[in-house]
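A.B. asks: mmCIF, C-alpha atoms, file run24.cif:
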data_model
#
loop_
_atom_site.label_atom_id
_atom_site.label_comp_id
_atom_site.auth_asym_id
_atom_site.auth_seq_id
_atom_site.Cartn_x
_atom_site.Cartn_y
_atom_site.Cartn_z
CA MET I 52 23.21 25.50 -42.79
CA LEU I 53 19.71 24.24 -41.95
CA SER I 54 20.80 23.21 -38.45
CA THR I 55 22.24 26.67 -37.79
CA LEU I 56 19.09 28.31 -39.12
CA ARG I 57 16.96 26.07 -36.91
CA SER I 58 19.01 27.06 -33.86
CA LEU I 59 18.55 30.75 -34.72
CA VAL I 60 14.80 30.28 -35.13
CA ARG I 61 14.63 28.48 -31.77
CA LEU I 62 16.43 31.39 -30.12
CA ILE I 63 13.95 33.84 -31.65
CA THR I 64 11.08 31.63 -30.45
CA TRP I 65 12.41 31.65 -26.88
CA VAL I 66 12.88 35.43 -26.89
CA ALA I 67 9.43 36.03 -28.38
CA GLY I 68 7.84 33.63 -25.89
CA PHE I 69 9.51 35.39 -22.96
CA ALA I 70 8.42 38.81 -24.27
CA LEU I 71 4.86 37.54 -24.72
CA LEU I 72 4.84 36.13 -21.18
CA MET I 73 6.05 39.42 -19.68
CA ALA I 74 3.55 41.45 -21.73
CA THR I 75 0.73 39.14 -20.63
CA ILE I 76 1.71 39.50 -16.96
CA LEU I 77 1.79 43.29 -17.25
CA TRP I 78 -1.57 43.27 -19.07
CA PHE I 79 -3.25 41.25 -16.30
CA LYS I 80 -1.60 43.41 -13.65
CA ALA I 81 -2.89 46.59 -15.27
CA ARG I 82 -6.38 45.15 -15.75
CA ASN I 83 -6.67 43.90 -12.16
CA GLY I 84 -5.40 47.19 -10.81
CA GLY I 85 -7.85 49.22 -12.89
CA ASP I 86 -5.03 51.03 -14.71
CA PRO I 87 -5.35 51.90 -18.41
CA ILE I 88 -3.57 49.54 -20.78
CA SER I 89 -1.06 51.47 -22.85
CA SER I 90 -0.94 51.15 -26.61
CA ARG I 91 2.76 50.31 -26.30
CA LEU I 92 1.93 47.26 -24.17
CA GLU I 93 -0.75 46.15 -26.63
CA LEU I 94 1.67 46.56 -29.54
CA THR I 95 4.33 44.57 -27.67
CA TRP I 96 1.85 41.76 -27.00
CA ILE I 97 0.69 41.63 -30.63
CA LEU I 98 4.24 41.70 -32.02
CA SER I 99 5.47 39.06 -29.57
CA ALA I 100 2.54 36.76 -30.35
CA THR I 101 3.04 37.25 -34.09
CA VAL I 102 6.78 36.59 -33.95
CA LEU I 103 6.24 33.56 -31.68
CA ALA I 104 3.69 32.02 -34.03
CA ALA I 105 5.75 32.79 -37.15
CA SER I 106 9.00 31.43 -35.67
CA ALA I 107 7.22 28.28 -34.47
CA LEU I 108 5.85 27.64 -37.96
CA VAL I 109 9.23 28.34 -39.57
CA GLY I 110 10.91 26.02 -37.06
CA ILE I 111 8.46 23.22 -37.92
CA ALA I 112 9.11 23.76 -41.63
CA ILE I 113 12.90 23.69 -41.17
CA THR I 114 12.66 20.51 -39.07
CA GLY I 115 10.63 18.92 -41.85
CA LEU I 116 13.27 19.91 -44.43
CA ILE I 117 16.03 18.43 -42.25
CA ARG I 118 14.11 15.17 -41.90
CA ASP I 119 13.49 15.02 -45.65
CA ARG I 120 17.19 15.56 -46.31
CA SER I 121 18.09 12.86 -43.78
CA ARG I 122 15.70 10.38 -45.43
CA GLN I 123 17.17 11.16 -48.86
CA GLU I 124 20.69 10.58 -47.54
CA GLN I 125 19.66 7.30 -45.94
CA ASP I 126 17.98 6.13 -49.15
CA ALA I 127 21.08 7.04 -51.18
CA LEU I 128 23.44 5.37 -48.71
CA ASP I 129 23.09 1.96 -50.38
CA HIS I 130 24.28 3.44 -53.69
CA THR I 131 26.89 5.95 -52.58
CA GLY I 132 28.23 4.13 -49.51
CA VAL I 133 29.47 7.47 -48.14
CA PHE I 134 28.20 9.79 -45.41
CA GLU I 135 29.76 13.18 -44.63
CA ALA I 136 29.12 15.90 -42.04
CA SER I 137 30.79 19.27 -41.59
CA ALA I 138 31.25 21.54 -38.57
CA SER I 139 28.21 23.36 -37.27
CA ALA I 140 28.45 27.12 -37.67
CA ARG I 141 26.31 27.74 -34.58
CA HIS I 142 29.01 26.38 -32.27
CA MET I 143 31.66 28.57 -33.85
CA ILE I 144 29.39 31.61 -33.42
CA LEU I 145 28.63 30.63 -29.81
CA LEU I 146 32.30 30.16 -28.92
CA ALA I 147 33.25 33.44 -30.58
CA GLY I 148 30.50 35.20 -28.63
CA LEU I 149 31.63 33.67 -25.33
CA CYS I 150 35.26 34.65 -25.99
CA LEU I 151 34.15 38.20 -26.72
CA LEU I 152 31.94 38.26 -23.61
CA PHE I 153 34.65 37.04 -21.25
CA GLY I 154 37.26 39.28 -22.88
CA VAL I 155 35.10 42.38 -22.46
CA GLY I 156 34.22 41.27 -18.93
CA ALA I 157 37.89 40.89 -18.00
CA TRP I 158 38.71 44.33 -19.44
CA ALA I 159 35.77 45.97 -17.64
CA ALA I 160 36.74 44.32 -14.35
CA LEU I 161 40.35 45.52 -14.72
CA MET I 162 39.16 49.07 -15.45
CA SER I 163 37.05 49.02 -12.27
CA ASN I 164 39.90 47.57 -10.16
CA ARG I 165 38.11 44.26 -9.47
CA ALA I 166 41.08 41.94 -9.59
CA GLY I 167 39.24 38.77 -8.47
CA LEU I 168 36.50 39.16 -11.05
CA ALA I 169 39.08 39.99 -13.73
CA LEU I 170 41.06 36.82 -12.94
CA LEU I 171 37.88 34.74 -13.13
CA ALA I 172 36.93 36.24 -16.48
CA LEU I 173 40.47 35.75 -17.81
CA GLY I 174 40.44 32.12 -16.68
CA LEU I 175 37.13 31.51 -18.47
CA LEU I 176 38.50 33.31 -21.53
CA VAL I 177 41.53 31.00 -21.60
CA VAL I 178 39.25 27.95 -21.37
CA MET I 179 37.05 29.23 -24.21
CA ILE I 180 40.09 29.97 -26.38
CA ALA I 181 41.44 26.44 -25.76
CA VAL I 182 38.08 24.89 -26.69
CA SER I 183 37.81 27.13 -29.75
CA TRP I 184 41.33 26.23 -30.87
CA SER I 185 40.59 22.52 -30.53
CA LEU I 186 37.46 22.93 -32.65
CA LEU I 187 39.25 25.14 -35.20
CA ARG I 188 41.93 22.46 -35.68
CA GLN I 189 39.18 20.03 -36.61
CA VAL I 190 37.47 22.53 -38.93
CA TRP I 191 40.66 23.53 -40.76
CA ARG I 192 41.73 20.02 -41.69
CA GLN I 193 41.30 18.97 -45.32
CA GLY I 194 37.96 17.33 -46.08
CA PRO I 195 34.78 17.04 -43.98
CA MET I 196 34.86 16.90 -40.20
CA LEU I 197 33.28 13.43 -40.28
CA ARG I 198 33.31 10.90 -43.11
CA ILE I 199 31.89 7.40 -42.95
CA ASP I 200 32.09 4.81 -45.73
CA ARG I 201 32.23 1.04 -46.16
CA GLN I 202 35.92 0.95 -45.15
CA GLY I 203 35.68 2.84 -41.87
CA ILE I 204 35.01 6.10 -40.06
CA ASP I 205 37.20 9.19 -40.28
CA HIS I 206 36.82 12.00 -37.73
CA ALA I 207 38.97 15.09 -37.36
CA LEU I 208 39.82 14.14 -33.76
CA TYR I 209 41.27 10.70 -34.46
CA GLY I 210 41.85 10.30 -38.19
CA PRO I 211 40.75 7.22 -40.17
CA ILE I 212 39.58 4.21 -38.13
CA PRO I 213 38.98 1.05 -40.22
CA TRP I 214 35.89 -1.02 -39.46
CA ASP I 215 38.16 -3.97 -38.64
CA ASP I 216 39.11 -2.11 -35.46
CA VAL I 217 35.55 -1.08 -34.47
CA ILE I 218 33.88 -3.75 -32.32
CA GLY I 219 31.07 -1.63 -30.85
CA LEU I 220 29.05 1.47 -31.68
CA THR I 221 26.41 3.26 -29.63
CA LEU I 222 24.75 6.67 -29.32
CA GLN I 223 24.69 8.39 -25.92
CA THR I 224 22.23 11.23 -25.27
CA ILE I 225 22.44 13.30 -22.08
CA ARG I 226 19.85 15.97 -21.35
CA VAL I 227 20.83 18.78 -19.00
CA ARG I 228 18.08 21.36 -18.49
CA HIS I 229 17.46 22.86 -21.93
CA ASN I 230 20.58 21.39 -23.54
CA THR I 231 21.07 17.94 -25.08
CA VAL I 232 24.55 16.47 -25.57
CA HIS I 233 24.94 13.71 -28.17
CA THR I 234 28.02 11.49 -28.35
CA LEU I 235 28.77 8.63 -30.73
CA TRP I 236 30.85 6.09 -28.80
CA LEU I 237 33.10 3.70 -30.69
CA GLY I 238 34.54 0.57 -29.14
CA VAL I 239 37.90 0.12 -30.86
CA ARG I 240 40.95 -2.12 -30.68
CA THR I 241 44.02 -0.51 -29.08
CA PRO I 242 42.43 2.95 -28.77
CA TYR I 243 45.69 4.67 -27.84
CA ARG I 244 46.84 4.47 -31.48
CA TYR I 245 44.07 6.89 -32.45
CA LEU I 246 44.39 9.13 -29.41
CA ARG I 247 47.84 10.15 -30.63
CA HIS I 248 46.12 12.22 -33.34
CA ALA I 249 43.82 14.01 -30.87
CA SER I 250 44.49 17.31 -29.13
CA GLY I 251 46.13 17.37 -25.71
CA PRO I 252 42.98 17.84 -23.57
CA VAL I 253 41.03 15.17 -25.49
CA ARG I 254 43.95 12.74 -25.26
CA TRP I 255 44.34 13.34 -21.50
CA ILE I 256 40.61 12.87 -20.76
CA ASN I 257 40.45 9.61 -22.70
CA GLU I 258 43.66 8.29 -21.17
CA GLN I 259 42.06 8.68 -17.73
CA ARG I 260 39.12 6.61 -18.93
CA SER I 261 41.08 3.65 -20.32
CA HIS I 262 44.58 2.23 -19.82
CA ARG I 263 47.19 3.13 -22.41
CA HIS I 264 47.94 -0.54 -23.15
CA ALA I 265 44.31 -1.73 -23.16
CA SER I 266 43.37 -4.10 -25.98
CA PHE I 267 39.95 -2.44 -26.34
CA GLY I 268 38.58 0.92 -25.31
CA PRO I 269 35.95 3.59 -26.03
CA LEU I 270 36.49 6.63 -28.24
CA PRO I 271 33.92 9.45 -28.06
CA ILE I 272 32.89 11.42 -31.14
CA PRO I 273 30.99 14.61 -30.17
CA LEU I 274 28.01 15.09 -32.48
CA ASN I 275 26.76 18.50 -31.31
CA THR I 276 29.57 20.19 -33.23
CA LEU I 277 28.35 18.69 -36.53
CA ASP I 278 25.74 20.12 -38.90
CA LYS I 279 23.53 17.00 -39.00
CA ASP I 280 21.21 15.36 -36.48
CA ALA I 281 22.78 12.88 -34.07
CA GLU I 282 20.20 10.13 -34.68
CA HIS I 283 20.75 10.42 -38.42
CA ILE I 284 24.55 10.17 -38.01
CA HIS I 285 24.16 7.13 -35.74
CA HIS I 286 21.80 5.42 -38.19
CA CYS I 287 24.16 5.93 -41.14
CA ALA I 288 27.23 4.88 -39.14
CA ARG I 289 25.56 1.64 -38.02
CA ALA I 290 24.23 0.92 -41.52
CA LEU I 291 27.68 1.29 -43.08
CA ARG I 292 29.34 -0.65 -40.25
CA GLU I 293 26.97 -3.58 -40.76
CA THR I 294 28.08 -3.88 -44.39
CA HIS I 295 31.52 -4.94 -43.12
CA ALA I 296 32.29 -8.56 -42.25
CA ALA I 297 34.28 -7.82 -39.07
CA PRO I 298 32.44 -8.82 -35.85
CA LEU I 299 30.33 -6.14 -34.17
CA LEU I 300 29.03 -6.55 -30.61
CA PRO I 301 25.38 -5.37 -30.59
CA HIS I 302 25.28 -4.85 -26.80
CA TRP I 303 28.69 -3.22 -26.39
CA SER I 304 28.93 -0.49 -23.74
CA THR I 305 31.67 1.88 -22.65
CA GLY I 306 32.06 0.11 -19.30
CA MET I 307 33.07 -3.26 -20.78
CA ARG I 308 36.53 -4.58 -19.88
CA ASP I 309 39.00 -6.34 -22.16
CA ALA I 310 38.13 -9.81 -20.83
CA GLU I 311 34.40 -9.32 -21.47
CA ILE I 312 34.93 -8.04 -24.99
CA ALA I 313 37.36 -10.84 -25.84
CA THR I 314 34.81 -13.38 -24.54
CA TRP I 315 31.95 -12.05 -26.66
CA LEU I 316 34.17 -11.80 -29.74
CA GLU I 317 35.16 -15.43 -29.27
CA SER I 318 31.48 -16.28 -28.87
CA HIS I 319 30.74 -14.57 -32.21
CA ALA I 320 33.61 -16.48 -33.82
CA LEU I 321 32.14 -19.73 -32.53
CA GLN I 322 28.74 -18.83 -33.95
CA ASP I 323 30.34 -18.24 -37.35
CA GLU I 324 32.18 -21.55 -37.04
CA LEU I 325 28.94 -23.35 -36.21
CA ARG I 326 27.27 -21.88 -39.30
CA ASP I 327 30.19 -23.00 -41.45
CA ILE I 328 29.96 -26.51 -39.99
CA ALA I 329 26.21 -26.62 -40.64
CA ASP I 330 26.71 -25.46 -44.26
CA GLU I 331 29.46 -28.03 -44.78
CA LEU I 332 27.29 -30.75 -43.29
CA GLU I 333 24.39 -29.84 -45.55
CA ALA I 334 26.61 -29.86 -48.64
CA SER I 335 28.48 -33.05 -47.71
CA ASP I 336 27.98 -36.40 -49.44
CA PRO I 337 27.38 -39.42 -47.15
CA ASP I 338 29.55 -41.51 -49.49
CA GLU I 339 32.64 -39.27 -49.09
CA GLN I 340 36.04 -40.78 -48.43
CA PRO I 341 36.83 -41.76 -44.82
CA ALA I 342 39.64 -39.19 -44.71
CA ALA I 343 37.24 -36.34 -45.51
CA MET I 344 34.77 -37.53 -42.87
CA ALA I 345 37.60 -37.79 -40.35
CA ARG I 346 38.57 -34.16 -41.02
CA PHE I 347 34.94 -33.12 -40.56
CA ASP I 348 34.71 -35.07 -37.30
CA ALA I 349 37.91 -33.44 -36.04
CA ARG I 350 36.49 -30.01 -36.83
CA ILE I 351 33.34 -30.75 -34.81
CA LYS I 352 35.43 -31.96 -31.87
CA ALA I 353 37.58 -28.81 -32.02
CA TYR I 354 34.45 -26.66 -32.01
CA ALA I 355 33.08 -28.56 -28.99
CA ALA I 356 36.39 -28.10 -27.14
CA ARG I 357 36.43 -24.34 -27.83
CA SER I 358 32.81 -24.04 -26.68
CA GLU I 359 33.53 -25.89 -23.47
CA ALA I 360 36.61 -23.77 -22.77
CA LEU I 361 34.64 -20.58 -23.35
CA ARG I 362 31.78 -21.49 -21.02
CA PRO I 363 33.35 -20.22 -17.73
CA HIS I 364 34.43 -17.00 -19.45
CA VAL I 365 30.87 -16.40 -20.63
CA ARG I 366 29.66 -16.93 -17.07
CA ASN I 367 32.21 -14.39 -15.80
CA ALA I 368 31.19 -11.91 -18.51
CA LEU I 369 27.52 -12.26 -17.57
CA ASP I 370 28.38 -11.75 -13.89
CA ALA I 371 30.38 -8.61 -14.75
CA SER I 372 27.45 -7.27 -16.79
CA ALA I 373 25.04 -7.93 -13.92
CA GLN I 374 27.37 -6.16 -11.46
CA ARG I 375 27.67 -3.18 -13.81
CA MET I 376 23.89 -2.94 -14.10
CA ALA I 377 23.54 -3.14 -10.31
CA ARG I 378 26.06 -0.30 -9.86
CA THR I 379 24.21 1.80 -12.43
CA LYS I 380 20.88 1.13 -10.70
CA LYS I 381 22.36 2.08 -7.33
CA THR I 382 23.83 5.29 -8.75
CA LEU I 383 20.49 6.25 -10.31
CA TRP I 384 18.72 5.57 -7.01
CA ILE I 385 21.17 7.78 -5.11
CA LEU I 386 20.82 10.60 -7.65
CA SER I 387 17.02 10.32 -7.53
CA ALA I 388 17.08 10.49 -3.74
CA ILE I 389 19.32 13.59 -3.83
CA ALA I 390 17.04 15.26 -6.39
CA ALA I 391 13.93 14.48 -4.30
CA PHE I 392 15.65 15.85 -1.16
CA LEU I 393 16.57 19.09 -2.95
CA VAL I 394 13.02 19.53 -4.26
CA LEU I 395 11.58 18.91 -0.78
CA LEU I 396 14.11 21.32 0.75
CA ARG I 397 13.14 23.97 -1.81
CA ILE I 398 9.43 23.51 -1.01
CA LEU I 399 9.95 23.68 2.76
CA THR I 400 12.16 26.76 2.60
#
Starting from the file, lay out its structure as structure tokens.
C.D. replies:
Amino acid sequence: MLSTLRSLVRLITWVAGFALLMATILWFKARNGGDPISSRLELTWILSATVLAASALVGIAITGLIRDRSRQEQDALDHTGVFEASASARHMILLAGLCLLFGVGAWAALMSNRAGLALLALGLLVVMIAVSWSLLRQVWRQGPMLRIDRQGIDHALYGPIPWDDVIGLTLQTIRVRHNTVHTLWLGVRTPYRYLRHASGPVRWINEQRSHRHASFGPLPIPLNTLDKDAEHIHHCARALRETHAAPLLPHWSTGMRDAEIATWLESHALQDELRDIADELEASDPDEQPAAMARFDARIKAYAARSEALRPHVRNALDASAQRMARTKKTLWILSAIAAFLVLLRILT
């Protein structure tokens, strides 16, 4: 509810700011031209400035309330061990508005005998209806849209995913003009098992990203459709995941292949084994029976053999990570060059 209210207040702020800007431009134009300034223009300027200031203050207050609620939920997480988030009403309102807009546009185009424009509007209407239906399926399911506890994470797209199957977790934020898209990425074992519960478009998109028989793969959870902040969801998800004993790769990324992930999981297992050996060594008695010492010596030799066998795989994983970073750097350089060229072209023309 607070997130929807904040979005509404932001919309009012943008509208009031635009109205204030236009009124200011007209005021300066009238003053420079020596024309009398109408009382209607003055009233518009005063109302726009008042609404802009009031909406900005209300927006700051609502943001503070959301942060306070997030802190309270984080503080209570240790006791409750449960985090829940429901669907955001603002996205349902937006999708309904877009469906209505494209539907009316298609009807108006048909009435004016503009077949091409009508087909375009109908196509966009079909896309909006498909997106809305996918979101409605998630909203109508029993329980919250997202639930996270000490056993796992349960989202309407995929169903329950136990923490034993989650080997990585990261938050991706993409900013496009005035919009920000947040996605919680999960690295899971045999992701295709969970894609069977997803809708057709979501399943098809994810199948293109990873092989059906892959041992590990990424699953995206869209956070913009939820009624809580993305950073807060990510913080709670990581906090609850870290309470579980299953290995979690801190530097997991969506571009990792099966061989890399298997290598780092084996590396984590070796670290746990080394800690167990150190604890056993600390608790051991120098006067123990020769048989017990022989078992301990065999365990150390087995650990050394596993470490030696893993060494070339670690080298390959590091090389793959370096190549991935180089590709990312090259892609960013190309995109930056294209953006600079477009800006220069705009200036010159």
A.B. asks: Could you state which residues are captured by the PyMOL selection byres ((chain I and resi 290) around 10) in this file, as a ChimeraX atom specification?
C.D. replies: /I:125,128-129,132,200-201,284-289,291-295
A.B. asks: Enclose the full set of atoms of segment 171-185 of chain I listed in the file within a box whose edges lie along x, y and z, apply 8 Å of padding to each of the six sides, and report centre and edge lengths in Å to one decimal as AutoDock Vina command-line options.
C.D. replies:
--center_x 39.2 --center_y 29.4 --center_z -22.0 --size_x 20.6 --size_y 29.7 --size_z 33.7
A.B. asks: Enumerate, as JSON, numbers by chain, the residues matched when the PyMOL selection byres ((chain I and resi 58) around 12) is run on the file above.
C.D. replies: {"I": [52, 53, 54, 55, 56, 57, 59, 60, 61, 62, 63, 64, 65, 106, 107, 109, 110, 111, 113, 114, 139, 140, 141, 142, 144, 145, 230, 275, 278]}
A.B. asks: Please list, as a PDB file with C-alpha atoms, keeping the file's coordinate frame, the residues that have an atom at most 12 Å away from (36.0, 36.6, -19.0) in the coordinates of this file, counting all atoms listed in the file.
C.D. replies:
ATOM      1  CA  GLY I 148      30.500  35.200 -28.630  1.00  0.00           C
ATOM      2  CA  LEU I 149      31.630  33.670 -25.330  1.00  0.00           C
ATOM      3  CA  CYS I 150      35.260  34.650 -25.990  1.00  0.00           C
ATOM      4  CA  LEU I 151      34.150  38.200 -26.720  1.00  0.00           C
ATOM      5  CA  LEU I 152      31.940  38.260 -23.610  1.00  0.00           C
ATOM      6  CA  PHE I 153      34.650  37.040 -21.250  1.00  0.00           C
ATOM      7  CA  GLY I 154      37.260  39.280 -22.880  1.00  0.00           C
ATOM      8  CA  VAL I 155      35.100  42.380 -22.460  1.00  0.00           C
ATOM      9  CA  GLY I 156      34.220  41.270 -18.930  1.00  0.00           C
ATOM     10  CA  ALA I 157      37.890  40.890 -18.000  1.00  0.00           C
ATOM     11  CA  TRP I 158      38.710  44.330 -19.440  1.00  0.00           C
ATOM     12  CA  ALA I 159      35.770  45.970 -17.640  1.00  0.00           C
ATOM     13  CA  ALA I 160      36.740  44.320 -14.350  1.00  0.00           C
ATOM     14  CA  LEU I 161      40.350  45.520 -14.720  1.00  0.00           C
ATOM     15  CA  ALA I 166      41.080  41.940  -9.590  1.00  0.00           C
ATOM     16  CA  GLY I 167      39.240  38.770  -8.470  1.00  0.00           C
ATOM     17  CA  LEU I 168      36.500  39.160 -11.050  1.00  0.00           C
ATOM     18  CA  ALA I 169      39.080  39.990 -13.730  1.00  0.00           C
ATOM     19  CA  LEU I 170      41.060  36.820 -12.940  1.00  0.00           C
ATOM     20  CA  LEU I 171      37.880  34.740 -13.130  1.00  0.00           C
ATOM     21  CA  ALA I 172      36.930  36.240 -16.480  1.00  0.00           C
ATOM     22  CA  LEU I 173      40.470  35.750 -17.810  1.00  0.00           C
ATOM     23  CA  GLY I 174      40.440  32.120 -16.680  1.00  0.00           C
ATOM     24  CA  LEU I 175      37.130  31.510 -18.470  1.00  0.00           C
ATOM     25  CA  LEU I 176      38.500  33.310 -21.530  1.00  0.00           C
ATOM     26  CA  VAL I 177      41.530  31.000 -21.600  1.00  0.00           C
ATOM     27  CA  VAL I 178      39.250  27.950 -21.370  1.00  0.00           C
ATOM     28  CA  MET I 179      37.050  29.230 -24.210  1.00  0.00           C
ATOM     29  CA  ILE I 180      40.090  29.970 -26.380  1.00  0.00           C
TER      30      ILE I 180
END
A.B. asks: Measuring atom to atom with all atoms listed in the file, identify which of I:Ala391, I:Leu197, I:Leu386, I:Val239 is nearest to Pro273 of chain I.
C.D. replies: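 The answer is I:Leu197, which sits nearest to Pro273 of chain I.
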A.B. asks: Could you give me, as a PyMOL selection string, the residues within 12 Å of Ile328 of chain I, counting all atoms listed in the file and dropping anything in the same chain fewer than 5 positions from it?
C.D. replies: chain I and resi 321-323+333-335+346-355
